[in-house]
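**Student:** Just one file: upload.cif, with mmCIF, C-alpha atoms.
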```
data_work
#
loop_
_atom_site.group_PDB
_atom_site.id
_atom_site.type_symbol
_atom_site.label_atom_id
_atom_site.label_comp_id
_atom_site.auth_asym_id
_atom_site.auth_seq_id
_atom_site.Cartn_x
_atom_site.Cartn_y
_atom_site.Cartn_z
ATOM 1 C CA MET A 1 104.634 96.181 143.939
ATOM 2 C CA SER A 2 103.225 94.572 147.058
ATOM 3 C CA THR A 3 99.881 92.824 147.223
ATOM 4 C CA ASN A 4 97.388 91.995 149.950
ATOM 5 C CA VAL A 5 96.879 88.512 148.542
ATOM 6 C CA ASP A 6 98.830 86.180 150.802
ATOM 7 C CA THR A 7 98.368 82.957 148.834
ATOM 8 C CA PRO A 8 99.261 82.031 145.244
ATOM 9 C CA LEU A 9 96.689 83.226 142.729
ATOM 10 C CA THR A 10 94.477 80.679 141.024
ATOM 11 C CA VAL A 11 93.006 82.313 137.949
ATOM 12 C CA GLN A 12 89.511 81.072 137.144
ATOM 13 C CA GLY A 13 87.818 82.629 134.128
ATOM 14 C CA ASN A 14 84.290 83.951 134.628
ATOM 15 C CA SER A 15 83.070 83.735 131.059
ATOM 16 C CA ALA A 16 84.348 83.726 127.510
ATOM 17 C CA PRO A 17 85.591 87.190 126.561
ATOM 18 C CA ALA A 18 84.001 89.091 123.718
ATOM 19 C CA ALA A 19 85.660 88.703 120.340
ATOM 20 C CA SER A 20 87.238 92.140 120.492
ATOM 21 C CA GLU A 21 88.945 91.455 123.830
ATOM 22 C CA ASN A 22 92.437 90.088 124.238
ATOM 23 C CA THR A 23 92.190 86.403 125.109
ATOM 24 C CA PHE A 24 95.217 86.707 127.380
ATOM 25 C CA ALA A 25 94.546 89.861 129.381
ATOM 26 C CA PRO A 26 97.473 91.062 131.504
ATOM 27 C CA LEU A 27 97.255 90.460 135.261
ATOM 28 C CA SER A 28 98.221 93.503 137.344
ATOM 29 C CA ILE A 29 98.189 94.565 140.983
ATOM 30 C CA LEU A 30 96.125 97.760 141.193
ATOM 31 C CA ALA A 31 95.359 100.266 143.933
ATOM 32 C CA VAL A 32 91.809 99.731 145.193
ATOM 33 C CA SER A 33 91.359 103.506 145.400
ATOM 34 C CA GLU A 34 91.932 103.811 141.638
ATOM 35 C CA ILE A 35 89.035 101.518 140.676
ATOM 36 C CA ASP A 36 85.636 103.081 139.899
ATOM 37 C CA ASP A 37 82.696 100.708 140.378
ATOM 38 C CA SER A 38 79.805 103.202 140.184
ATOM 39 C CA GLY A 39 76.747 102.690 137.977
ATOM 40 C CA ARG A 40 76.798 98.893 138.036
ATOM 41 C CA LEU A 41 73.879 96.870 136.654
ATOM 42 C CA ARG A 42 73.739 94.758 139.806
ATOM 43 C CA PRO A 43 74.115 96.476 143.193
ATOM 44 C CA VAL A 44 76.435 94.904 145.757
ATOM 45 C CA ASP A 45 74.755 92.732 148.386
ATOM 46 C CA ALA A 46 76.494 93.629 151.657
ATOM 47 C CA VAL A 47 75.818 90.222 153.227
ATOM 48 C CA ALA A 48 77.270 88.399 150.225
ATOM 49 C CA ALA A 49 80.281 90.712 150.218
ATOM 50 C CA GLN A 50 80.897 89.949 153.908
ATOM 51 C CA GLY A 51 80.898 86.230 153.156
ATOM 52 C CA ILE A 52 83.383 86.727 150.330
ATOM 53 C CA ALA A 53 85.526 88.900 152.603
ATOM 54 C CA ALA A 54 85.737 86.072 155.152
ATOM 55 C CA SER A 55 86.871 83.692 152.418
ATOM 56 C CA MET A 56 89.405 86.187 151.063
ATOM 57 C CA ALA A 57 90.806 86.814 154.546
ATOM 58 C CA ARG A 58 91.382 83.093 154.900
ATOM 59 C CA ASP A 59 92.419 82.016 151.385
ATOM 60 C CA GLY A 60 93.302 85.207 149.560
ATOM 61 C CA LEU A 61 91.718 86.256 146.255
ATOM 62 C CA LEU A 62 91.408 83.174 144.063
ATOM 63 C CA ASN A 63 89.725 84.950 141.154
ATOM 64 C CA PRO A 64 91.091 88.388 140.119
ATOM 65 C CA ILE A 65 88.616 91.105 139.226
ATOM 66 C CA ASP A 66 88.300 92.479 135.672
ATOM 67 C CA VAL A 67 88.911 96.164 134.937
ATOM 68 C CA CYS A 68 89.587 98.380 131.962
ATOM 69 C CA GLN A 69 91.358 101.686 131.507
ATOM 70 C CA LEU A 70 89.247 104.304 129.783
ATOM 71 C CA PRO A 71 91.031 106.479 127.199
ATOM 72 C CA GLY A 72 91.910 109.912 128.531
ATOM 73 C CA LYS A 73 90.846 109.102 132.102
ATOM 74 C CA LYS A 74 92.823 108.301 135.210
ATOM 75 C CA GLY A 75 92.354 105.110 137.135
ATOM 76 C CA PHE A 76 90.373 102.047 136.095
ATOM 77 C CA ARG A 77 86.753 101.079 135.508
ATOM 78 C CA LEU A 78 85.432 97.864 137.071
ATOM 79 C CA VAL A 79 84.151 95.393 134.481
ATOM 80 C CA ALA A 80 83.429 92.321 136.624
ATOM 81 C CA GLY A 81 83.911 91.508 140.305
ATOM 82 C CA GLY A 82 81.870 94.054 142.259
ATOM 83 C CA HIS A 83 81.436 91.826 145.317
ATOM 84 C CA ARG A 84 85.130 90.879 145.372
ATOM 85 C CA LEU A 85 86.114 94.559 145.216
ATOM 86 C CA ALA A 86 83.659 95.419 148.018
ATOM 87 C CA ALA A 87 85.106 92.556 150.095
ATOM 88 C CA ALA A 88 88.634 93.887 149.556
ATOM 89 C CA ARG A 89 87.515 97.287 150.836
ATOM 90 C CA MET A 90 85.911 95.668 153.894
ATOM 91 C CA LEU A 91 89.228 93.981 154.650
ATOM 92 C CA GLY A 92 91.105 97.238 154.262
ATOM 93 C CA TRP A 93 93.107 96.033 151.275
ATOM 94 C CA THR A 94 94.875 98.824 149.438
ATOM 95 C CA GLU A 95 95.697 96.734 146.357
ATOM 96 C CA ILE A 96 93.978 93.949 144.440
ATOM 97 C CA PRO A 97 94.895 91.628 141.518
ATOM 98 C CA ALA A 98 93.033 92.449 138.323
ATOM 99 C CA PHE A 99 92.886 91.477 134.668
ATOM 100 C CA ILE A 100 92.969 94.540 132.412
ATOM 101 C CA ARG A 101 90.379 93.976 129.702
ATOM 102 C CA SER A 102 89.143 95.833 126.643
ATOM 103 C CA ALA A 103 88.029 99.415 127.254
ATOM 104 C CA ASN A 104 85.182 99.071 124.730
ATOM 105 C CA ALA A 105 81.913 99.981 126.489
ATOM 106 C CA LEU A 106 79.971 97.201 124.803
ATOM 107 C CA ASP A 107 82.560 94.609 125.787
ATOM 108 C CA ARG A 108 82.480 95.842 129.378
ATOM 109 C CA LYS A 109 78.727 95.562 129.636
ATOM 110 C CA ALA A 110 78.637 92.130 127.969
ATOM 111 C CA ARG A 111 81.217 90.771 130.411
ATOM 112 C CA GLU A 112 79.377 92.153 133.442
ATOM 113 C CA ILE A 113 76.113 90.606 132.296
ATOM 114 C CA ALA A 114 77.646 87.208 131.519
ATOM 115 C CA GLU A 115 79.445 87.097 134.875
ATOM 116 C CA ASN A 116 76.367 87.943 136.935
ATOM 117 C CA PHE A 117 73.744 85.887 135.098
ATOM 118 C CA TYR A 118 74.269 82.643 137.015
ATOM 119 C CA LYS A 119 74.666 84.119 140.482
ATOM 120 C CA ALA A 120 72.770 81.949 142.979
ATOM 121 C CA ASP A 121 70.663 84.863 144.222
ATOM 122 C CA MET A 122 69.719 86.157 140.783
ATOM 123 C CA SER A 123 65.918 86.340 140.552
ATOM 124 C CA PRO A 124 63.980 85.614 137.323
ATOM 125 C CA ILE A 125 63.285 89.358 137.062
ATOM 126 C CA ASP A 126 66.995 90.176 137.228
ATOM 127 C CA GLN A 127 67.864 87.447 134.739
ATOM 128 C CA ALA A 128 65.266 88.836 132.323
ATOM 129 C CA ARG A 129 66.701 92.333 132.696
ATOM 130 C CA PHE A 130 70.244 91.119 132.127
ATOM 131 C CA ILE A 131 69.305 89.170 128.991
ATOM 132 C CA ALA A 132 67.519 92.246 127.633
ATOM 133 C CA GLU A 133 70.619 94.335 128.386
ATOM 134 C CA LEU A 134 72.842 91.816 126.600
ATOM 135 C CA ILE A 135 70.589 91.831 123.520
ATOM 136 C CA GLU A 136 70.581 95.638 123.474
ATOM 137 C CA THR A 137 74.376 95.529 123.676
ATOM 138 C CA GLU A 138 74.558 93.217 120.670
ATOM 139 C CA LYS A 139 72.042 95.398 118.790
ATOM 140 C CA ALA A 140 74.357 98.348 119.330
ATOM 141 C CA ARG A 141 77.225 96.360 117.827
ATOM 142 C CA LEU A 142 75.172 95.786 114.666
ATOM 143 C CA GLY A 143 73.811 99.324 114.507
ATOM 144 C CA ILE A 144 70.197 98.284 115.180
ATOM 145 C CA ALA A 145 68.175 100.984 116.951
ATOM 146 C CA PRO A 146 67.225 99.892 120.511
ATOM 147 C CA GLU A 147 63.488 100.330 119.867
ATOM 148 C CA LYS A 148 63.518 98.214 116.686
ATOM 149 C CA ASP A 149 62.425 94.583 116.755
ATOM 150 C CA GLY A 150 62.167 94.100 113.017
ATOM 151 C CA ARG A 151 58.463 94.860 112.618
ATOM 152 C CA GLN A 152 57.234 97.650 110.391
ATOM 153 C CA ASP A 153 54.787 100.218 111.767
ATOM 154 C CA ASN A 154 52.029 100.221 109.166
ATOM 155 C CA LYS A 155 48.602 101.788 109.593
ATOM 156 C CA ARG A 156 45.673 99.803 108.252
ATOM 157 C CA GLY A 157 45.084 100.668 104.627
ATOM 158 C CA GLY A 158 48.467 102.354 104.291
ATOM 159 C CA LYS A 159 50.803 101.577 101.428
ATOM 160 C CA VAL A 160 53.707 99.303 102.314
ATOM 161 C CA ASP A 161 57.133 100.682 101.422
ATOM 162 C CA LYS A 162 58.917 97.714 99.811
ATOM 163 C CA LYS A 163 62.373 99.012 100.684
ATOM 164 C CA GLN A 164 61.323 99.598 104.286
ATOM 165 C CA LEU A 165 59.789 96.118 104.412
ATOM 166 C CA SER A 166 63.048 94.637 103.126
ATOM 167 C CA ASP A 167 65.051 96.572 105.733
ATOM 168 C CA ASP A 168 62.683 95.463 108.497
ATOM 169 C CA LEU A 169 62.971 91.810 107.467
ATOM 170 C CA CYS A 170 66.742 92.124 107.558
ATOM 171 C CA THR A 171 66.558 93.658 111.024
ATOM 172 C CA LEU A 172 64.193 90.890 112.161
ATOM 173 C CA HIS A 173 66.611 88.212 110.985
ATOM 174 C CA LYS A 174 69.427 89.941 112.843
ATOM 175 C CA SER A 175 67.251 90.152 115.953
ATOM 176 C CA ILE A 176 66.515 86.433 115.795
ATOM 177 C CA GLY A 177 70.224 85.800 115.351
ATOM 178 C CA LEU A 178 70.899 87.966 118.380
ATOM 179 C CA GLN A 179 68.717 85.794 120.580
ATOM 180 C CA GLU A 180 70.564 82.720 119.347
ATOM 181 C CA ALA A 181 73.949 84.366 119.980
ATOM 182 C CA VAL A 182 72.941 85.469 123.482
ATOM 183 C CA ALA A 183 71.542 82.008 124.231
ATOM 184 C CA THR A 184 74.826 80.406 123.164
ATOM 185 C CA ARG A 185 76.870 82.799 125.269
ATOM 186 C CA LEU A 186 74.791 82.091 128.377
ATOM 187 C CA GLY A 187 74.467 78.347 127.788
ATOM 188 C CA LEU A 188 70.711 78.511 127.134
ATOM 189 C CA ASN A 189 68.497 77.677 124.173
ATOM 190 C CA GLN A 190 66.589 80.312 122.219
ATOM 191 C CA SER A 191 63.208 79.374 123.715
ATOM 192 C CA SER A 192 64.644 79.917 127.215
ATOM 193 C CA VAL A 193 65.851 83.365 126.173
ATOM 194 C CA SER A 194 62.393 84.181 124.809
ATOM 195 C CA ARG A 195 60.738 83.051 128.051
ATOM 196 C CA HIS A 196 63.132 85.205 130.076
ATOM 197 C CA LEU A 197 62.499 88.220 127.860
ATOM 198 C CA ALA A 198 58.736 87.873 128.355
ATOM 199 C CA LEU A 199 59.198 88.922 131.985
ATOM 200 C CA ASN A 200 60.247 92.382 130.841
ATOM 201 C CA GLY A 201 56.566 92.983 130.167
ATOM 202 C CA ILE A 202 56.067 93.647 133.886
ATOM 203 C CA ALA A 203 55.688 97.395 134.462
ATOM 204 C CA ALA A 204 58.892 98.973 135.772
ATOM 205 C CA SER A 205 56.886 100.769 138.479
ATOM 206 C CA LEU A 206 55.821 97.384 139.920
ATOM 207 C CA LEU A 207 59.131 95.516 139.863
ATOM 208 C CA GLU A 208 60.237 96.259 143.419
ATOM 209 C CA ARG A 209 56.813 95.327 144.794
ATOM 210 C CA VAL A 210 56.756 92.083 142.797
ATOM 211 C CA ARG A 211 60.239 91.063 143.966
ATOM 212 C CA VAL A 212 59.110 90.607 147.576
ATOM 213 C CA LEU A 213 55.958 88.643 146.741
ATOM 214 C CA PRO A 214 55.921 84.816 146.776
ATOM 215 C CA ILE A 215 55.639 84.890 142.964
ATOM 216 C CA GLY A 216 58.900 86.882 142.767
ATOM 217 C CA ASP A 217 60.901 83.666 142.304
ATOM 218 C CA ASN A 218 58.305 81.887 140.168
ATOM 219 C CA ALA A 219 59.090 82.527 136.494
ATOM 220 C CA SER A 220 55.850 80.903 135.302
ATOM 221 C CA ALA A 221 53.697 83.119 137.545
ATOM 222 C CA LEU A 222 55.703 86.179 136.503
ATOM 223 C CA ARG A 223 55.078 85.430 132.815
ATOM 224 C CA LYS A 224 51.329 85.331 133.522
ATOM 225 C CA LEU A 225 51.596 88.729 135.196
ATOM 226 C CA ALA A 226 53.722 90.126 132.361
ATOM 227 C CA GLY A 227 51.059 89.138 129.831
ATOM 228 C CA LEU A 228 48.490 91.498 131.382
ATOM 229 C CA ASP A 229 48.021 95.172 130.633
ATOM 230 C CA VAL A 230 49.543 97.594 133.141
ATOM 231 C CA LYS A 231 46.248 98.384 134.918
ATOM 232 C CA LYS A 232 45.520 94.710 135.509
ATOM 233 C CA GLN A 233 49.090 94.141 136.641
ATOM 234 C CA GLU A 234 48.654 96.870 139.255
ATOM 235 C CA ARG A 235 45.395 95.364 140.534
ATOM 236 C CA VAL A 236 46.808 91.824 140.613
ATOM 237 C CA VAL A 237 49.880 92.940 142.561
ATOM 238 C CA SER A 238 47.694 94.813 145.059
ATOM 239 C CA LEU A 239 45.516 91.733 145.648
ATOM 240 C CA LEU A 240 48.602 89.557 146.138
ATOM 241 C CA GLU A 241 50.034 92.074 148.608
ATOM 242 C CA GLU A 242 46.783 92.193 150.567
ATOM 243 C CA GLY A 243 46.598 88.411 150.739
ATOM 244 C CA ALA A 244 43.220 88.430 149.008
ATOM 245 C CA ALA A 245 44.698 86.088 146.385
ATOM 246 C CA LYS A 246 47.683 83.758 146.370
ATOM 247 C CA THR A 247 48.126 83.311 142.638
ATOM 248 C CA VAL A 248 47.821 85.450 139.517
ATOM 249 C CA PRO A 249 44.824 83.430 138.165
ATOM 250 C CA ALA A 250 43.069 83.757 141.556
ATOM 251 C CA ALA A 251 43.619 87.511 141.521
ATOM 252 C CA LEU A 252 42.247 87.710 137.979
ATOM 253 C CA GLY A 253 39.187 85.755 139.099
ATOM 254 C CA ILE A 254 38.512 88.407 141.745
ATOM 255 C CA ILE A 255 39.073 91.252 139.289
ATOM 256 C CA GLU A 256 36.805 89.715 136.658
ATOM 257 C CA LYS A 257 34.302 88.672 139.373
ATOM 258 C CA LYS A 258 34.391 85.050 138.373
ATOM 259 C CA PRO A 259 32.923 82.669 140.978
ATOM 260 C CA PRO A 260 35.486 80.369 142.571
ATOM 261 C CA VAL A 261 35.844 77.037 140.804
ATOM 262 C CA ASP A 262 34.007 74.177 142.525
ATOM 263 C CA ALA A 263 36.563 71.355 142.425
ATOM 264 C CA ALA A 264 33.904 68.615 142.625
ATOM 265 C CA LYS A 265 31.885 70.105 139.765
ATOM 266 C CA LYS A 266 35.058 70.515 137.737
ATOM 267 C CA ARG A 267 35.922 66.817 138.153
ATOM 268 C CA LEU A 268 32.374 65.744 137.310
ATOM 269 C CA SER A 269 32.336 67.947 134.230
ATOM 270 C CA ALA A 270 35.637 66.451 133.070
ATOM 271 C CA PHE A 271 34.230 62.916 133.509
ATOM 272 C CA THR A 272 30.948 63.577 131.693
ATOM 273 C CA ASP A 273 32.777 65.339 128.877
ATOM 274 C CA ALA A 274 35.149 62.391 128.447
ATOM 275 C CA TYR A 275 32.226 59.916 128.615
ATOM 276 C CA SER A 276 30.248 61.767 125.949
ATOM 277 C CA ARG A 277 33.173 61.467 123.543
ATOM 278 C CA MET A 278 33.531 57.682 123.992
ATOM 279 C CA SER A 279 32.287 55.074 121.530
ATOM 280 C CA LYS A 280 29.440 52.760 122.592
ATOM 281 C CA ARG A 281 31.911 49.996 123.370
ATOM 282 C CA GLU A 282 34.087 52.325 125.450
ATOM 283 C CA GLN A 283 31.026 53.555 127.354
ATOM 284 C CA ARG A 284 30.040 49.961 128.224
ATOM 285 C CA ASP A 285 33.561 49.223 129.463
ATOM 286 C CA ALA A 286 33.577 52.425 131.493
ATOM 287 C CA LEU A 287 30.265 51.531 133.144
ATOM 288 C CA ARG A 288 31.509 48.070 134.054
ATOM 289 C CA VAL A 289 34.539 49.620 135.736
ATOM 290 C CA LEU A 290 32.339 52.224 137.412
ATOM 291 C CA SER A 291 29.978 49.556 138.767
ATOM 292 C CA ARG A 292 32.787 48.019 140.794
ATOM 293 C CA MET A 293 33.416 51.410 142.403
ATOM 294 C CA LEU A 294 29.790 52.073 143.446
ATOM 295 C CA PRO A 295 28.858 51.944 147.151
ATOM 296 C CA ALA A 296 26.675 49.148 148.526
ATOM 297 C CA GLY A 297 22.961 49.594 147.966
ATOM 298 C CA VAL A 298 23.089 50.539 144.289
ATOM 299 C CA ILE A 299 21.144 47.842 142.481
ATOM 300 C CA GLU A 300 22.213 48.076 138.869
ATOM 301 C CA ILE A 301 23.338 50.183 135.951
ATOM 302 C CA VAL A 302 21.313 49.778 132.751
ATOM 303 C CA PHE A 303 23.021 50.563 129.481
ATOM 304 C CA ASP A 304 20.788 50.783 126.353
ATOM 305 C CA ASP A 305 18.598 48.080 127.855
ATOM 306 C CA GLU A 306 21.301 45.621 126.927
ATOM 307 C CA VAL A 307 23.779 45.482 129.762
ATOM 308 C CA LYS A 308 22.734 45.292 133.382
ATOM 309 C CA VAL A 309 25.585 45.563 135.813
ATOM 310 C CA ALA A 310 24.711 44.836 139.404
ATOM 311 C CA ALA A 311 26.704 46.452 142.155
ATOM 312 C CA GLU A 312 27.984 44.129 144.830
#
```
Can I see the file as structure tokens?

**Tutor:**
Amino acid sequence: MSTNVDTPLTVQGNSAPAASENTFAPLSILAVSEIDDSGRLRPVDAVAAQGIAASMARDGLLNPIDVCQLPGKKGFRLVAGGHRLAAARMLGWTEIPAFIRSANALDRKAREIAENFYKADMSPIDQARFIAELIETEKARLGIAPEKDGRQDNKRGGKVDKKQLSDDLCTLHKSIGLQEAVATRLGLNQSSVSRHLALNGIAASLLERVRVLPIGDNASALRKLAGLDVKKQERVVSLLEEGAAKTVPAALGIIEKKPPVDAAKKRLSAFTDAYSRMSKREQRDALRVLSRMLPAGVIEIVFDDEVKVAAE
């Protein structure tokens, strides 16, 4: 069968395949028209696809896409390589090299997430969503309900069901293990995974508005926003959009009607607080140092009627 790729293929793996996948997936030349790429987690960026198309027109496809064949259905389902497939369509290719992977839905989703996680244009919000998706995928493998995080719902004063408590602890341990497994797969540590997951606390209704704000690429600022209740999130986002505030803390100051911080008073307060916690000896030494910093015209500093330090 003919192919549109006019240079030798160089196969470069995207990520380690899931355990249930064949390590050596067969490479085939497939009709582009037979590949379904609908319902992807990450939409295709047309500009990025155009750049890839230019490279493919010059060098051919260096990294085959990944597909699977669903039981009882015609054609193939795209697993990884959405931008490469879009580029092939832009170039008018009728065929494309592809690795045929496992048809298991969980394997497909895990591969898509792992491939896309380190894309250069992936925002902290997208990374958080992908990590959450990967954890939900692994929960499904273990039979853990999506809404479960291992904690037992127990009303105050209610009797604790010991069997339920035991089951919840087991689920919690599995959940912790899931974060470790996902961290290993993505080359992160567990604390990084936890920090990413915290961003999922941002209300879904605000995500698109937050993306275009200056804080959209600032994971630390996004975590501060995610830690607020939904009503405060809405008000903070509105203030940032209006330009009334540039940071989440500044927006909160407006909402809570806190006066703006006087930088000079803040520095003075920090100094006096530090001075009050010094020993007598440390206070004397501090005053001697301070005396050399005083402007001309200050006569002296008297400390406990013992030390008189004249300013020069």

**Student:** What's the separation between CA of Leu239 in chain A and CA of Lys265 in chain A, in Å to one decimal place?

**Tutor:** 26.2 Å

**Student:** Report as a short mmCIF file (atom, residue, chain, number, x, y, z; two decimals) with C-alpha atoms, in the coordinates of the input the residues that result from applying the PyMOL selection byres ((chain A and resi 215-232) around 7) to the structure here.

**Tutor:**
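Below is the file that was written, result_8.cif:
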```cif
data_model
loop_
_atom_site.label_atom_id
_atom_site.label_comp_id
_atom_site.auth_asym_id
_atom_site.auth_seq_id
_atom_site.Cartn_x
_atom_site.Cartn_y
_atom_site.Cartn_z
CA SER A 123 65.92 86.34 140.55
CA PRO A 124 63.98 85.61 137.32
CA ALA A 198 58.74 87.87 128.35
CA LEU A 199 59.20 88.92 131.99
CA GLY A 201 56.57 92.98 130.17
CA ILE A 202 56.07 93.65 133.89
CA ALA A 203 55.69 97.40 134.46
CA VAL A 210 56.76 92.08 142.80
CA ARG A 211 60.24 91.06 143.97
CA VAL A 212 59.11 90.61 147.58
CA LEU A 213 55.96 88.64 146.74
CA PRO A 214 55.92 84.82 146.78
CA GLN A 233 49.09 94.14 136.64
CA GLU A 234 48.65 96.87 139.26
CA ARG A 235 45.40 95.36 140.53
CA VAL A 236 46.81 91.82 140.61
CA VAL A 248 47.82 85.45 139.52
#
```

**Student:** Figure out the distance between CA of Glu180 in chain A and CA of Asn63 in chain A, please, to one decimal in Å.

**Tutor:** 29.1 Å

**Student:** Check which residues satisfy the PyMOL selection byres ((chain A and resi 64) around 7) in the file shown, then give them as an MDAnalysis selection string.

**Tutor:** chainID A and resid 11 61:63 65:66 97:99

**Student:** Rank A:Ala132, A:Ser28, A:Lys246, A:Ala49 by their smallest atom-to-atom distance to Arg89 in chain A, using all atoms listed in the file, and report the top residue only.

**Tutor:**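 Nearest candidate to Arg89 in chain A out of A:Ala132, A:Ser28, A:Lys246, A:Ala49: A:Ala49.
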
**Student:** For CA of Ala88 in chain A and CA of Leu70 in chain A, determine how far apart the two atoms are, in Å to one decimal place.

**Tutor:**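 Taking CA of Ala88 in chain A as the start and CA of Leu70 in chain A as the end point, the length is 22.4 Å.
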
**Student:** For this file, the PyMOL selection byres ((chain A and resi 75) around 9) selects which residues, as a PyMOL selection string?

**Tutor:** chain A and resi 31+33-36+68-70+73-74+76-77

**Student:** Considering all atoms listed in the file, return as a PDB file with C-alpha atoms, in the frame of the given file whatever protein or nucleic-acid residues lie within 10 Å of Asn189 in chain A, sequence-local ones (same chain, fewer than 6 positions apart) excluded.

**Tutor:**
```
ATOM      1  CA  GLN A 179      68.717  85.794 120.580  1.00  0.00           C
ATOM      2  CA  GLU A 180      70.564  82.720 119.347  1.00  0.00           C
ATOM      3  CA  ALA A 181      73.949  84.366 119.980  1.00  0.00           C
ATOM      4  CA  VAL A 182      72.941  85.469 123.482  1.00  0.00           C
ATOM      5  CA  ALA A 183      71.542  82.008 124.231  1.00  0.00           C
TER       6      ALA A 183
END
```

**Student:** If you count all atoms listed in the file, which residues fall within 7 Å of Ala53 in chain A, apart from same-chain ones fewer than 5 positions away, as JSON, numbers by chain?

**Tutor:** {"A": [87, 88, 90, 91]}
